[in-house]
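Structure first, commentary second.
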Amino acid sequence: MNVFQISGGRQLVGTVDVGGSKNTALAIMSAVVLAPGKTVLTNVPNLSDTRIKANLLERFGAHVVWDGNTLEIDCSEMYQGEADEESVRAIRTSFYLLGPLMARIGHVTLPAPGGCKIGARPVDFHIKGLRALGADVALNGGEYVVSTKGLRGAEIYLDFPSAGATQHLMSTAVLAQGVTIIKNAAIEPEVTALASFLNRMGARVEGAGTSTITIMGVEKLNACEFRIPADRMQAGTYLLAGAITGGDVTVRGILPEEQTAVVNKLREAGADVDEGPDWVRASVSKRLKGINVKTMPHPGFPTDMQQPMAAVLCLAEGTSVVEETIYESRIGHIQELNRMGANIRSQGRTAMIEGVNGLRGAIVEASDLRAGAALVLAGLAAKGETTVKNIHFIDRGYEAFEKTLAELGAKIQRVHAPDLDGSMSNVDSE
Ligand code: EPU
């Protein structure tokens, strides 16, 4: 029902204090069920995804209290509850509750997560890993039923360093008997943050942040307090928002090493970038140049920044080639950017971008979270008025997006516009 209305053409200048990481919070919110007692998470982004996840936890017996960005989750009494299919399908990480809930209560049933707009998103690595750890896994009439008579450590090799499978299996293994070794593990910062959380609860996880993670099973865990670290995707998005408007934006309260790929690509395109202990500043004083970008698992260029970066490159001088290697169809932004005057040709997972001198405002439709962010960035730089529809996708990943952008000088507002409601469904399953 709501849209963003943007009057483009203003440079963004200023500093953003970056909020907590959505994907870390979602992973940790699966693992909280492992420990009886009240876990307190601070700096949790209050987003539709984290709220849905909190509601799901309540279905299995957790008591959840939000206080701003603090989330208390009391998992003293967990039981075999029933999750509603809509919530499970709306956020992919609901599936990552299976292993930890099974470790805690022995038997869980959850609807299958399904595919989404950015690709098929299979769960085969998760299933293989859960079975290796001693779970019985069955798919009955669209629902996964998992149970165990006792989890045991195992050696698990992932065919691809999947962030979600690494997090799910790591969380499941902490209460297994014996040692689990995950090889070809994802080394994303969200995996390392989850391992810190698990260790804070009393788990023994070593090697997170490398491709081999070792988990020594423990008998029990304790609820704890944990601060969710800053969101590297939000940070990258605000840097790119500054860049596309020829502005000067500093993101603060972050780990600069998590921005390495974005920072290097911005520098290659001609931006000036400075870094300090907990901040990165990017400023653009002349037209950027076209560059090539290829998404890779961490520490490569993050797939989540591919679409916002493509928006920036639409206005760069010359040709850019942006290749998506993680997802089959993270391309929902292309057609919409072209409606704003961009010149992008796509071939499979590759976008060939011929830089144009300017974009023009248009009515465009977000198809997923990061495509939505890309369209907002384009609108900030475009001449005239842009209306971005389907902003419920954007609300999944950016708390107070329009407020933060407005503080940097953007003219953007959230407007109730039922007549402009988009046709896209609510399911993109980040
Ligand atoms: N894959 C499989 N089988 C599996 C699991 C994954 O083939 O069992 C494939 C996927 O289809 C994909 C690749 O492995 O092609 C990588 O997927 P991964 O499992 O790493 O992604 P994810 O854990 O499902 C998380 C983030 C995504 C982010 C990716 C990659 C969350 C909630 N989501 O997804 O975030 O793009 O890692 O870094 O943590 C977003 O925030 O916009 C978003 C989509």
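Letters for chains follow the order of the structure tokens (A, B, ...), residue numbers begin at 1 for each chain, and ligand numbers begin at 1 in the order shown.
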Considering only C-alpha atoms and all ligand atoms, tabulate each residue of chain A that lies at most 7 Å from ligand 1 along with its nearest interatomic pair and the corresponding distance in Å to one decimal; arrange the rows by chain and ascending residue number and present them as JSON lines.
{"residue": "A:Asn23", "atom": "CA", "partner": "ligand 1", "partner_atom_place_in_ligand_line": "39 (O)", "distance": 4.1}
{"residue": "A:Thr24", "atom": "CA", "partner": "ligand 1", "partner_atom_place_in_ligand_line": "39 (O)", "distance": 6.8}
{"residue": "A:Leu26", "atom": "CA", "partner": "ligand 1", "partner_atom_place_in_ligand_line": "32 (C)", "distance": 6.3}
{"residue": "A:Ala27", "atom": "CA", "partner": "ligand 1", "partner_atom_place_in_ligand_line": "39 (O)", "distance": 6.8}
{"residue": "A:Arg92", "atom": "CA", "partner": "ligand 1", "partner_atom_place_in_ligand_line": "32 (C)", "distance": 6.4}
{"residue": "A:Thr93", "atom": "CA", "partner": "ligand 1", "partner_atom_place_in_ligand_line": "32 (C)", "distance": 5.5}
{"residue": "A:Gly119", "atom": "CA", "partner": "ligand 1", "partner_atom_place_in_ligand_line": "11 (O)", "distance": 6.7}
{"residue": "A:Ala120", "atom": "CA", "partner": "ligand 1", "partner_atom_place_in_ligand_line": "11 (O)", "distance": 6.1}
{"residue": "A:Arg121", "atom": "CA", "partner": "ligand 1", "partner_atom_place_in_ligand_line": "11 (O)", "distance": 3.8}
{"residue": "A:Pro122", "atom": "CA", "partner": "ligand 1", "partner_atom_place_in_ligand_line": "3 (N)", "distance": 4.5}
{"residue": "A:Val123", "atom": "CA", "partner": "ligand 1", "partner_atom_place_in_ligand_line": "8 (O)", "distance": 3.2}
{"residue": "A:Asp124", "atom": "CA", "partner": "ligand 1", "partner_atom_place_in_ligand_line": "8 (O)", "distance": 4.0}
{"residue": "A:Phe125", "atom": "CA", "partner": "ligand 1", "partner_atom_place_in_ligand_line": "8 (O)", "distance": 3.6}
{"residue": "A:His126", "atom": "CA", "partner": "ligand 1", "partner_atom_place_in_ligand_line": "8 (O)", "distance": 5.0}
{"residue": "A:Phe160", "atom": "CA", "partner": "ligand 1", "partner_atom_place_in_ligand_line": "14 (O)", "distance": 6.0}
{"residue": "A:Pro161", "atom": "CA", "partner": "ligand 1", "partner_atom_place_in_ligand_line": "20 (O)", "distance": 6.4}
{"residue": "A:Ser162", "atom": "CA", "partner": "ligand 1", "partner_atom_place_in_ligand_line": "20 (O)", "distance": 3.4}
{"residue": "A:Ala163", "atom": "CA", "partner": "ligand 1", "partner_atom_place_in_ligand_line": "20 (O)", "distance": 3.8}
{"residue": "A:Gly164", "atom": "CA", "partner": "ligand 1", "partner_atom_place_in_ligand_line": "23 (O)", "distance": 3.1}
{"residue": "A:Ala165", "atom": "CA", "partner": "ligand 1", "partner_atom_place_in_ligand_line": "19 (O)", "distance": 5.7}
{"residue": "A:Pro297", "atom": "CA", "partner": "ligand 1", "partner_atom_place_in_ligand_line": "38 (O)", "distance": 6.5}
{"residue": "A:Pro302", "atom": "CA", "partner": "ligand 1", "partner_atom_place_in_ligand_line": "38 (O)", "distance": 6.4}
{"residue": "A:Thr303", "atom": "CA", "partner": "ligand 1", "partner_atom_place_in_ligand_line": "36 (O)", "distance": 5.6}
{"residue": "A:Asp304", "atom": "CA", "partner": "ligand 1", "partner_atom_place_in_ligand_line": "36 (O)", "distance": 5.1}
{"residue": "A:Ile326", "atom": "CA", "partner": "ligand 1", "partner_atom_place_in_ligand_line": "15 (O)", "distance": 4.6}
{"residue": "A:Tyr327", "atom": "CA", "partner": "ligand 1", "partner_atom_place_in_ligand_line": "15 (O)", "distance": 4.6}
{"residue": "A:Leu369", "atom": "CA", "partner": "ligand 1", "partner_atom_place_in_ligand_line": "42 (O)", "distance": 5.8}
{"residue": "A:Arg370", "atom": "CA", "partner": "ligand 1", "partner_atom_place_in_ligand_line": "42 (O)", "distance": 5.6}
{"residue": "A:Gly397", "atom": "CA", "partner": "ligand 1", "partner_atom_place_in_ligand_line": "41 (O)", "distance": 6.7}
{"residue": "A:Glu430", "atom": "CA", "partner": "ligand 1", "partner_atom_place_in_ligand_line": "44 (C)", "distance": 4.0}
Could you write out that same residue set with N, CA and C atoms as a CSV table (one decimal), in the first residue's frame?
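Just written: again.csv:
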chain,number,residue,atom,x,y,z
A,23,ASN,N,20.9,-10.2,8.8
A,23,ASN,CA,21.1,-11.6,8.6
A,23,ASN,C,21.8,-12.2,9.8
A,24,THR,N,22.6,-11.5,10.5
A,24,THR,CA,23.1,-12.0,11.8
A,24,THR,C,22.0,-12.2,12.8
A,26,LEU,N,18.9,-12.7,12.3
A,26,LEU,CA,18.0,-13.8,11.9
A,26,LEU,C,18.6,-15.2,12.2
A,27,ALA,N,19.9,-15.3,12.0
A,27,ALA,CA,20.6,-16.5,12.3
A,27,ALA,C,20.7,-16.8,13.8
A,92,ARG,N,13.2,-17.0,4.6
A,92,ARG,CA,13.9,-18.3,4.4
A,92,ARG,C,14.5,-18.8,5.7
A,93,THR,N,14.9,-17.9,6.6
A,93,THR,CA,15.6,-18.4,7.8
A,93,THR,C,14.7,-19.1,8.8
A,119,GLY,N,16.0,-16.7,-7.1
A,119,GLY,CA,16.5,-18.0,-7.5
A,119,GLY,C,15.8,-19.1,-6.8
A,120,ALA,N,16.2,-20.4,-7.2
A,120,ALA,CA,15.5,-21.6,-6.7
A,120,ALA,C,15.7,-21.8,-5.2
A,121,ARG,N,16.8,-21.4,-4.7
A,121,ARG,CA,17.2,-21.5,-3.2
A,121,ARG,C,16.9,-22.9,-2.6
A,122,PRO,N,17.6,-23.9,-3.2
A,122,PRO,CA,17.4,-25.3,-2.6
A,122,PRO,C,17.9,-25.4,-1.1
A,123,VAL,N,17.5,-26.5,-0.5
A,123,VAL,CA,18.0,-26.7,0.9
A,123,VAL,C,18.7,-28.0,1.1
A,124,ASP,N,19.2,-28.5,0.0
A,124,ASP,CA,19.8,-29.9,0.0
A,124,ASP,C,21.0,-30.0,1.0
A,125,PHE,N,21.8,-28.9,1.0
A,125,PHE,CA,23.0,-29.0,1.9
A,125,PHE,C,22.5,-29.1,3.4
A,126,HIS,N,21.5,-28.4,3.7
A,126,HIS,CA,20.9,-28.4,5.1
A,126,HIS,C,20.5,-29.8,5.4
A,160,PHE,N,29.1,-26.1,-1.7
A,160,PHE,CA,29.3,-24.7,-1.9
A,160,PHE,C,29.3,-24.0,-0.5
A,161,PRO,N,30.1,-23.0,-0.3
A,161,PRO,CA,30.2,-22.4,1.0
A,161,PRO,C,28.9,-21.6,1.3
A,162,SER,N,27.8,-22.3,1.6
A,162,SER,CA,26.5,-21.6,1.8
A,162,SER,C,26.5,-21.0,3.2
A,163,ALA,N,26.2,-19.7,3.3
A,163,ALA,CA,26.1,-19.0,4.6
A,163,ALA,C,25.0,-19.7,5.4
A,164,GLY,N,23.9,-19.9,4.9
A,164,GLY,CA,22.8,-20.4,5.6
A,164,GLY,C,23.0,-21.8,6.1
A,165,ALA,N,23.5,-22.7,5.3
A,165,ALA,CA,23.8,-24.1,5.7
A,165,ALA,C,24.9,-24.1,6.8
A,297,PRO,N,31.4,-15.5,-3.1
A,297,PRO,CA,31.3,-15.7,-1.6
A,297,PRO,C,32.3,-14.7,-0.9
A,302,PRO,N,29.9,-8.9,-2.5
A,302,PRO,CA,28.7,-9.5,-2.1
A,302,PRO,C,27.5,-9.5,-3.0
A,303,THR,N,26.9,-10.6,-3.2
A,303,THR,CA,25.7,-10.6,-4.1
A,303,THR,C,24.6,-9.6,-3.7
A,304,ASP,N,24.6,-9.3,-2.3
A,304,ASP,CA,23.5,-8.4,-1.9
A,304,ASP,C,23.8,-6.9,-2.3
A,326,ILE,N,26.0,-16.0,-7.7
A,326,ILE,CA,25.5,-16.7,-6.5
A,326,ILE,C,24.0,-17.2,-6.8
A,327,TYR,N,23.2,-16.3,-7.3
A,327,TYR,CA,21.8,-16.6,-7.6
A,327,TYR,C,21.5,-16.6,-9.1
A,369,LEU,N,14.2,-7.3,-2.1
A,369,LEU,CA,14.8,-6.3,-1.2
A,369,LEU,C,15.9,-5.5,-1.8
A,370,ARG,N,16.9,-6.1,-2.4
A,370,ARG,CA,18.1,-5.3,-2.9
A,370,ARG,C,17.7,-4.7,-4.2
A,397,GLY,N,14.8,-5.1,5.0
A,397,GLY,CA,16.2,-5.0,5.2
A,397,GLY,C,16.7,-3.7,5.7
A,430,GLU,N,14.4,-13.5,1.8
A,430,GLU,CA,15.9,-13.3,2.0
A,430,GLU,C,16.5,-14.3,2.9
Problem set entry | Which of range 223-425 of chain A fall in alpha helix (DSSP H), as a PyMOL selection string | chain A and resi 232-244+260-269+306-313+332-339+369-381+401-407
Exercise. Would you give me, as a ChimeraX atom specification, the residues in range 29-236 of chain A that DSSP reads as strand (DSSP E or B)?
Worked result: /A:38-42,63-67,70-74,107-111,116,119,135-140,143-148,152,155-157,177,179-183,204-206,208,210,212-216,225-227,230
Problem set entry | Which residue of A:Val249, A:Leu97, A:Leu34, A:Ala366 approaches Thr15 in chain A most closely, using only C-alpha atoms |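 Closest to Thr15 in chain A, using only C-alpha atoms: A:Val249.
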For this session: Choose the residue, out of A:Val273, A:Ala310, A:Leu151, A:Val13, that has the smallest atom-to-atom separation from Ile344 in chain A; count only C-alpha atoms.
Result: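 The closest residue to Ile344 in chain A is A:Ala310.
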